[in-house]
$ cat run16.pdb   # PDB, C-alpha atoms and all ligand atoms
ATOM      1  CA  MET Q  30     -26.602  -8.062 236.429  1.00  0.00           C
ATOM      2  CA  HIS Q  31     -26.957  -4.332 236.469  1.00  0.00           C
ATOM      3  CA  GLU Q  32     -24.473  -1.873 235.058  1.00  0.00           C
ATOM      4  CA  PRO Q  33     -22.381   0.382 237.277  1.00  0.00           C
ATOM      5  CA  GLN Q  34     -24.092   3.750 237.369  1.00  0.00           C
ATOM      6  CA  SER Q  35     -21.211   5.814 236.105  1.00  0.00           C
ATOM      7  CA  ILE Q  36     -18.484   4.168 234.096  1.00  0.00           C
ATOM      8  CA  ALA Q  37     -17.196   7.337 232.516  1.00  0.00           C
ATOM      9  CA  VAL Q  38     -13.871   8.470 233.898  1.00  0.00           C
ATOM     10  CA  ASN Q  39     -14.178  11.898 235.416  1.00  0.00           C
ATOM     11  CA  ASP Q  40     -10.854  13.324 236.515  1.00  0.00           C
ATOM     12  CA  ASP Q  41     -12.516  15.970 238.659  1.00  0.00           C
ATOM     13  CA  GLU Q  42     -14.328  13.420 240.743  1.00  0.00           C
ATOM     14  CA  ARG Q  43     -12.849  12.941 244.185  1.00  0.00           C
ATOM     15  CA  MET Q  44     -11.138   9.588 244.372  1.00  0.00           C
ATOM     16  CA  ILE Q  45     -11.500   9.406 248.143  1.00  0.00           C
ATOM     17  CA  PRO Q  46     -15.157   9.725 249.148  1.00  0.00           C
ATOM     18  CA  ALA Q  47     -16.255  11.890 252.060  1.00  0.00           C
ATOM     19  CA  TRP Q  48     -17.548   8.984 254.117  1.00  0.00           C
ATOM     20  CA  SER Q  49     -14.135   7.334 254.216  1.00  0.00           C
ATOM     21  CA  ILE Q  50     -12.472  10.617 255.232  1.00  0.00           C
ATOM     22  CA  ILE Q  51     -15.008  10.998 258.051  1.00  0.00           C
ATOM     23  CA  LEU Q  52     -14.557   7.383 259.160  1.00  0.00           C
ATOM     24  CA  ALA Q  53     -10.772   7.772 259.024  1.00  0.00           C
ATOM     25  CA  SER Q  54     -10.955  10.908 261.190  1.00  0.00           C
ATOM     26  CA  ILE Q  55     -13.241   9.246 263.738  1.00  0.00           C
ATOM     27  CA  ALA Q  56     -11.026   6.156 263.858  1.00  0.00           C
ATOM     28  CA  PHE Q  57      -7.953   8.338 264.342  1.00  0.00           C
ATOM     29  CA  LEU Q  58      -9.577  10.250 267.205  1.00  0.00           C
ATOM     30  CA  LEU Q  59     -10.808   7.025 268.852  1.00  0.00           C
ATOM     31  CA  ILE Q  60      -7.336   5.487 268.660  1.00  0.00           C
ATOM     32  CA  GLU Q  61      -5.764   8.611 270.158  1.00  0.00           C
ATOM     33  CA  TYR Q  62      -8.451   8.739 272.825  1.00  0.00           C
ATOM     34  CA  TYR Q  63      -7.775   5.132 273.743  1.00  0.00           C
ATOM     35  CA  PHE Q  64      -3.996   5.436 273.870  1.00  0.00           C
ATOM     36  CA  TRP Q  65      -3.856   8.809 275.663  1.00  0.00           C
ATOM     37  CA  ILE Q  66      -6.850   8.555 278.031  1.00  0.00           C
ATOM     38  CA  ILE Q  67      -8.008   4.965 278.498  1.00  0.00           C
ATOM     39  CA  ALA Q  68      -4.823   2.908 278.292  1.00  0.00           C
ATOM     40  CA  PRO Q  69      -2.745   4.908 280.832  1.00  0.00           C
ATOM     41  CA  GLU Q  70      -5.412   4.378 283.498  1.00  0.00           C
ATOM     42  CA  HIS Q  71      -4.883   0.641 283.277  1.00  0.00           C
ATOM     43  CA  ARG Q  72      -1.107   0.802 283.225  1.00  0.00           C
ATOM     44  CA  HIS Q  73       0.555  -0.792 286.244  1.00  0.00           C
ATOM     45  CA  HIS Q  74       4.154   0.069 285.395  1.00  0.00           C
ATOM     46  CA  ALA Q  75       5.966   3.334 284.693  1.00  0.00           C
ATOM     47  CA  PRO Q  76       4.918   4.912 281.347  1.00  0.00           C
ATOM     48  CA  PRO Q  77       7.463   4.897 278.502  1.00  0.00           C
ATOM     49  CA  PRO Q  78       9.164   8.204 277.587  1.00  0.00           C
ATOM     50  CA  LEU Q  79       6.838  10.871 276.171  1.00  0.00           C
ATOM     51  CA  GLY Q  80       8.605  10.963 272.777  1.00  0.00           C
ATOM     52  CA  PHE Q  81       8.073   7.233 272.344  1.00  0.00           C
ATOM     53  CA  ARG Q  82       4.412   7.526 273.352  1.00  0.00           C
ATOM     54  CA  ILE Q  83       3.773  10.357 270.861  1.00  0.00           C
ATOM     55  CA  TYR Q  84       5.399   8.357 268.066  1.00  0.00           C
ATOM     56  CA  PHE Q  85       3.646   5.106 268.994  1.00  0.00           C
ATOM     57  CA  ASN Q  86       0.186   6.641 269.506  1.00  0.00           C
ATOM     58  CA  LEU Q  87       0.231   8.791 266.374  1.00  0.00           C
ATOM     59  CA  SER Q  88       1.557   5.928 264.233  1.00  0.00           C
ATOM     60  CA  TRP Q  89      -1.312   3.665 265.211  1.00  0.00           C
ATOM     61  CA  GLY Q  90      -3.830   6.413 264.561  1.00  0.00           C
ATOM     62  CA  VAL Q  91      -2.413   7.115 261.110  1.00  0.00           C
ATOM     63  CA  VAL Q  92      -2.241   3.424 260.170  1.00  0.00           C
ATOM     64  CA  VAL Q  93      -5.874   2.833 261.106  1.00  0.00           C
ATOM     65  CA  ALA Q  94      -6.986   6.036 259.353  1.00  0.00           C
ATOM     66  CA  LEU Q  95      -5.131   4.937 256.198  1.00  0.00           C
ATOM     67  CA  TYR Q  96      -7.128   1.705 256.191  1.00  0.00           C
ATOM     68  CA  PHE Q  97     -10.374   3.637 255.932  1.00  0.00           C
ATOM     69  CA  LEU Q  98      -8.995   5.981 253.265  1.00  0.00           C
ATOM     70  CA  MET Q  99      -7.764   2.985 251.273  1.00  0.00           C
ATOM     71  CA  VAL Q 100     -11.132   1.231 251.433  1.00  0.00           C
ATOM     72  CA  GLY Q 101     -12.762   4.493 250.319  1.00  0.00           C
ATOM     73  CA  TYR Q 102     -10.334   4.807 247.420  1.00  0.00           C
ATOM     74  CA  ILE Q 103     -11.036   1.239 246.284  1.00  0.00           C
ATOM     75  CA  SER Q 104     -14.788   1.903 246.420  1.00  0.00           C
ATOM     76  CA  LYS Q 105     -14.215   4.572 243.755  1.00  0.00           C
ATOM     77  CA  ASP Q 106     -11.395   2.959 241.810  1.00  0.00           C
ATOM     78  CA  ALA Q 107     -12.630  -0.635 241.472  1.00  0.00           C
ATOM     79  CA  PRO Q 108     -15.822   0.199 239.497  1.00  0.00           C
ATOM     80  CA  ARG Q 109     -13.745   2.143 236.968  1.00  0.00           C
ATOM     81  CA  ARG Q 110     -11.775  -1.035 236.337  1.00  0.00           C
ATOM     82  CA  GLY Q 111     -14.678  -3.476 236.231  1.00  0.00           C
ATOM     83  CA  MET Q 112     -13.465  -5.144 239.445  1.00  0.00           C
ATOM     84  CA  SER Q 113     -15.661  -6.377 242.305  1.00  0.00           C
ATOM     85  CA  THR Q 114     -15.896  -3.374 244.629  1.00  0.00           C
ATOM     86  CA  ARG Q 115     -17.278  -5.171 247.673  1.00  0.00           C
ATOM     87  CA  PHE Q 116     -14.787  -8.013 247.408  1.00  0.00           C
ATOM     88  CA  TRP Q 117     -11.766  -5.713 247.242  1.00  0.00           C
ATOM     89  CA  MET Q 118     -13.025  -3.372 249.954  1.00  0.00           C
ATOM     90  CA  LEU Q 119     -13.365  -6.439 252.203  1.00  0.00           C
ATOM     91  CA  VAL Q 120      -9.944  -7.824 251.247  1.00  0.00           C
ATOM     92  CA  CYS Q 121      -8.313  -4.453 251.902  1.00  0.00           C
ATOM     93  CA  PHE Q 122     -10.028  -4.081 255.245  1.00  0.00           C
ATOM     94  CA  VAL Q 123      -9.523  -7.623 256.557  1.00  0.00           C
ATOM     95  CA  MET Q 124      -5.978  -8.461 255.456  1.00  0.00           C
ATOM     96  CA  PRO Q 125      -3.459  -7.391 258.116  1.00  0.00           C
ATOM     97  CA  GLY Q 126      -0.646  -4.945 257.549  1.00  0.00           C
ATOM     98  CA  GLY Q 127      -2.096  -3.399 254.406  1.00  0.00           C
ATOM     99  CA  ILE Q 128      -1.541  -6.607 252.416  1.00  0.00           C
ATOM    100  CA  GLY Q 129      -5.013  -6.276 250.913  1.00  0.00           C
ATOM    101  CA  ALA Q 130      -4.184  -2.848 249.516  1.00  0.00           C
ATOM    102  CA  VAL Q 131      -0.879  -4.102 248.102  1.00  0.00           C
ATOM    103  CA  LEU Q 132      -2.671  -7.047 246.469  1.00  0.00           C
ATOM    104  CA  TYR Q 133      -5.228  -4.671 244.997  1.00  0.00           C
ATOM    105  CA  PHE Q 134      -2.585  -2.525 243.331  1.00  0.00           C
ATOM    106  CA  LEU Q 135      -0.750  -5.597 242.048  1.00  0.00           C
ATOM    107  CA  LEU Q 136      -3.855  -7.191 240.572  1.00  0.00           C
ATOM    108  CA  ARG Q 137      -5.958  -4.241 239.500  1.00  0.00           C
ATOM    109  CA  GLN Q 138      -7.184  -4.131 235.939  1.00  0.00           C
ATOM    110  CA  PRO Q 139      -6.835  -1.270 233.444  1.00  0.00           C
ATOM    111  CA  GLU Q 140      -9.568   1.344 233.549  1.00  0.00           C
ATOM    112  CA  VAL Q 141     -12.703   0.478 231.656  1.00  0.00           C
ATOM    113  CA  THR Q 142     -14.404   3.115 229.556  1.00  0.00           C
ATOM    114  CA  ARG Q 143     -16.875   3.028 226.719  1.00  0.00           C
ATOM    115  CA  CYS Q 144     -16.274   3.341 223.017  1.00  0.00           C
ATOM    116  CA  PRO Q 145     -17.597   6.774 221.963  1.00  0.00           C
ATOM    117  CA  ALA Q 146     -19.022   5.273 218.789  1.00  0.00           C
ATOM    118  CA  CYS Q 147     -20.787   2.085 219.912  1.00  0.00           C
ATOM    119  CA  SER Q 148     -20.604   2.128 223.763  1.00  0.00           C
ATOM    120  CA  THR Q 149     -18.776  -1.196 223.979  1.00  0.00           C
ATOM    121  CA  HIS Q 150     -16.711  -1.530 227.169  1.00  0.00           C
ATOM    122  CA  VAL Q 151     -13.080  -0.936 226.293  1.00  0.00           C
ATOM    123  CA  GLN Q 152      -9.897  -0.899 228.385  1.00  0.00           C
ATOM    124  CA  SER Q 153      -7.669   2.124 228.545  1.00  0.00           C
ATOM    125  CA  ASP Q 154      -4.830   0.342 226.735  1.00  0.00           C
ATOM    126  CA  PHE Q 155      -6.959  -0.476 223.682  1.00  0.00           C
ATOM    127  CA  HIS Q 156      -6.086   1.450 220.541  1.00  0.00           C
ATOM    128  CA  PHE Q 157      -9.176   0.364 218.620  1.00  0.00           C
ATOM    129  CA  CYS Q 158     -12.682  -0.663 219.640  1.00  0.00           C
ATOM    130  CA  PRO Q 159     -12.991  -4.482 219.319  1.00  0.00           C
ATOM    131  CA  GLN Q 160     -16.551  -4.130 217.998  1.00  0.00           C
ATOM    132  CA  CYS Q 161     -16.548  -1.224 215.563  1.00  0.00           C
ATOM    133  CA  ASN Q 162     -12.864  -0.515 214.880  1.00  0.00           C
ATOM    134  CA  TYR Q 163     -13.186   3.052 216.203  1.00  0.00           C
ATOM    135  CA  ARG Q 164      -9.758   4.481 216.941  1.00  0.00           C
ATOM    136  CA  LEU Q 165      -9.718   5.108 220.705  1.00  0.00           C
ATOM    137  CA  THR Q 166      -6.234   6.529 221.214  1.00  0.00           C
ATOM    138  CA  ALA Q 167      -3.674   8.116 218.969  1.00  0.00           C
ATOM    139  CA  SER Q 168      -1.345   5.453 217.647  1.00  0.00           C
ATOM    140  CA  CYS Q 169       1.213   5.091 214.900  1.00  0.00           C
ATOM    141  CA  GLY Q 170      -0.324   3.963 211.609  1.00  0.00           C
ATOM    142  CA  ASN Q 171       2.716   1.801 210.916  1.00  0.00           C
ATOM    143  CA  CYS Q 172       3.645   0.036 214.184  1.00  0.00           C
ATOM    144  CA  TYR Q 173       0.453   0.808 216.191  1.00  0.00           C
ATOM    145  CA  ARG Q 174       2.314   1.942 219.298  1.00  0.00           C
ATOM    146  CA  SER Q 175       0.895   4.836 221.306  1.00  0.00           C
ATOM    147  CA  VAL Q 176       1.903   8.313 220.228  1.00  0.00           C
ATOM    148  CA  ARG Q 177       1.114  11.735 221.612  1.00  0.00           C
ATOM    149  CA  THR Q 178      -1.371  13.784 219.622  1.00  0.00           C
ATOM    150  CA  THR Q 179       1.250  16.510 219.179  1.00  0.00           C
ATOM    151  CA  ASP Q 180       3.885  14.164 217.731  1.00  0.00           C
ATOM    152  CA  ILE Q 181       4.678  14.483 214.047  1.00  0.00           C
ATOM    153  CA  TYR Q 182       6.803  11.344 213.787  1.00  0.00           C
ATOM    154  CA  CYS Q 183       6.473   8.021 215.643  1.00  0.00           C
ATOM    155  CA  THR Q 184       9.134   7.742 218.359  1.00  0.00           C
ATOM    156  CA  ARG Q 185       9.516   4.006 217.723  1.00  0.00           C
ATOM    157  CA  CYS Q 186       9.617   3.568 213.973  1.00  0.00           C
ATOM    158  CA  GLY Q 187       9.979   7.097 212.582  1.00  0.00           C
ATOM    159  CA  HIS Q 188       6.769   6.808 210.576  1.00  0.00           C
ATOM    160  CA  SER Q 189       5.339  10.178 209.573  1.00  0.00           C
ATOM    161  CA  LEU Q 190       2.111  10.483 211.558  1.00  0.00           C
ATOM    162  CA  ALA Q 191       0.809  13.233 209.289  1.00  0.00           C
ATOM    163  CA  GLU Q 192       0.406  10.589 206.559  1.00  0.00           C
ATOM    164  CA  ASP Q 193      -2.043   8.562 208.653  1.00  0.00           C
ATOM    165  CA  GLU Q 194      -5.488   8.854 207.176  1.00  0.00           C
ATOM    166  CA  MET Q 195      -7.251   8.636 210.536  1.00  0.00           C
ATOM    167  CA  PRO Q 196      -7.614  11.946 212.400  1.00  0.00           C
ATOM    168  CA  ARG Q 197      -5.221  11.963 215.327  1.00  0.00           C
ATOM    169  CA  ARG Q 198      -7.071  14.372 217.579  1.00  0.00           C
ATOM    170  CA  LEU Q 199     -10.110  12.247 218.166  1.00  0.00           C
ATOM    171  CA  HIS Q 200     -11.671  14.177 221.003  1.00  0.00           C
ATOM    172  CA  VAL Q 201     -12.280  16.991 218.535  1.00  0.00           C
ATOM    173  CA  LEU Q 202     -14.439  14.669 216.462  1.00  0.00           C
ATOM    174  CA  GLY Q 203     -17.333  14.673 218.895  1.00  0.00           C
ATOM    175  CA  ASP Q 204     -17.810  18.435 218.603  1.00  0.00           C
TER     176      ASP Q 204
HETATM  177 ZN    ZN K   1     -16.952   0.787 219.183  1.00  0.00          ZN
HETATM  178 ZN    ZN K   2       5.490   3.647 214.625  1.00  0.00          ZN
END
$ encode --input "run16.pdb" --output "structure tokens" --more "lines below"
Ligand SMILES: [Zn+2]
Ligand SMILES: [Zn+2]
Amino acid sequence: MHEPQSIAVNDDERMIPAWSIILASIAFLLIEYYFWIIAPEHRHHAPPPLGFRIYFNLSWGVVVALYFLMVGYISKDAPRRGMSTRFWMLVCFVMPGGIGAVLYFLLRQPEVTRCPACSTHVQSDFHFCPQCNYRLTASCGNCYRSVRTTDIYCTRCGHSLAEDEMPRRLHVLGD
């Protein structure tokens, strides 16, 4: 089993890869080409009103393009959550009516990152590393709920965060 190449979360990274944008554009153009050029040639009855045709043709193009964008998004998002990328790309693509995408968002796991101290895989909702007890996010020293680094008192229990012995601005520690 090999590790995903990049597990670190990079906010600047594009979440929708170029290939899926290109595929979505091609699919959109093919759909429009079919509905505007090919299909009318085989029509044996009077065409529906133009407004209806514009709405119908564009809707289908957008829906199909969204499928490709969604599969592209999952190809980027699933590895960050330790989920099977190929499986979910397939589910999203095959299930009709976008059900696959809905299922993905219902079932997707929290983001997986690494502990800065020992590199153990940790989920984004962990406060402490399960292996080395490194404090991963700022949390109240009394009730252990999440707090913002700028808070002085815990919003849940009123505990004074300044009294906590652990440094609250952890990202400064690495410098
Ligand atoms: Zn650790
Ligand atoms: Zn608290």
$ residues_near_ligand --input "run16.pdb" --ligand "ligand ZN 1 (chain K)" --cutoff "8 Å" --atoms "all atoms listed in the file" --output "number ranges by chain"
Q: 143-149, 157-163
$ resolve_selection --input "run16.pdb" --expression "the PyMOL selection byres (((chain Q and resi 112-122) around 8) and not hetatm)" --output "VMD selection string"
chain Q and resid 96 to 97 99 to 101 103 to 104 107 to 111 123 to 125 127 to 130 133 137 to 138
$ write_last_selection --input "run16.pdb" --atoms "C-alpha atoms" --output "compact mmCIF listing (two decimals), keeping the file's coordinate frame"
# COMPACT_ATOMS: atom_id res chain seq x y z
CA TYR Q 96 -7.13 1.70 256.19
CA PHE Q 97 -10.37 3.64 255.93
CA MET Q 99 -7.76 2.98 251.27
CA VAL Q 100 -11.13 1.23 251.43
CA GLY Q 101 -12.76 4.49 250.32
CA ILE Q 103 -11.04 1.24 246.28
CA SER Q 104 -14.79 1.90 246.42
CA ALA Q 107 -12.63 -0.64 241.47
CA PRO Q 108 -15.82 0.20 239.50
CA ARG Q 109 -13.74 2.14 236.97
CA ARG Q 110 -11.78 -1.03 236.34
CA GLY Q 111 -14.68 -3.48 236.23
CA VAL Q 123 -9.52 -7.62 256.56
CA MET Q 124 -5.98 -8.46 255.46
CA PRO Q 125 -3.46 -7.39 258.12
CA GLY Q 127 -2.10 -3.40 254.41
CA ILE Q 128 -1.54 -6.61 252.42
CA GLY Q 129 -5.01 -6.28 250.91
CA ALA Q 130 -4.18 -2.85 249.52
CA TYR Q 133 -5.23 -4.67 245.00
CA ARG Q 137 -5.96 -4.24 239.50
CA GLN Q 138 -7.18 -4.13 235.94
$ resolve_selection --input "run16.pdb" --expression "the PyMOL selection byres (((chain Q and resi 174) around 12) and not hetatm)" --output "number ranges by chain"
Q: 154-157, 166-173, 175-177, 182-188, 190
$ closest_residue --input "run16.pdb" --among "Q:Val93, Q:Ala191, Q:Ile66, Q:Ile50" --to "ligand ZN 2 (chain K)" --atoms "all atoms listed in the file"
Q:Ala191
$ atom_distance --input "run16.pdb" --atom1 "CA of Met44 in chain Q" --atom2 "CA of Gly90 in chain Q"
21.7 Å
$ residues_around --input "run16.pdb" --residues "Tyr63 in chain Q" --least-positions-apart "5" --cutoff "12 Å" --atoms "only C-alpha atoms" --output "VMD selection string"
chain Q and resid 56 to 58 68 to 71 86 to 87 89 to 90
$ atom_distance --input "run16.pdb" --atom1 "CA of Trp65 in chain Q" --atom2 "CA of Pro78 in chain Q"
13.2 Å
$ atom_distance --input "run16.pdb" --atom1 "CA of Glu140 in chain Q" --atom2 "CA of Ala53 in chain Q"
26.3 Å
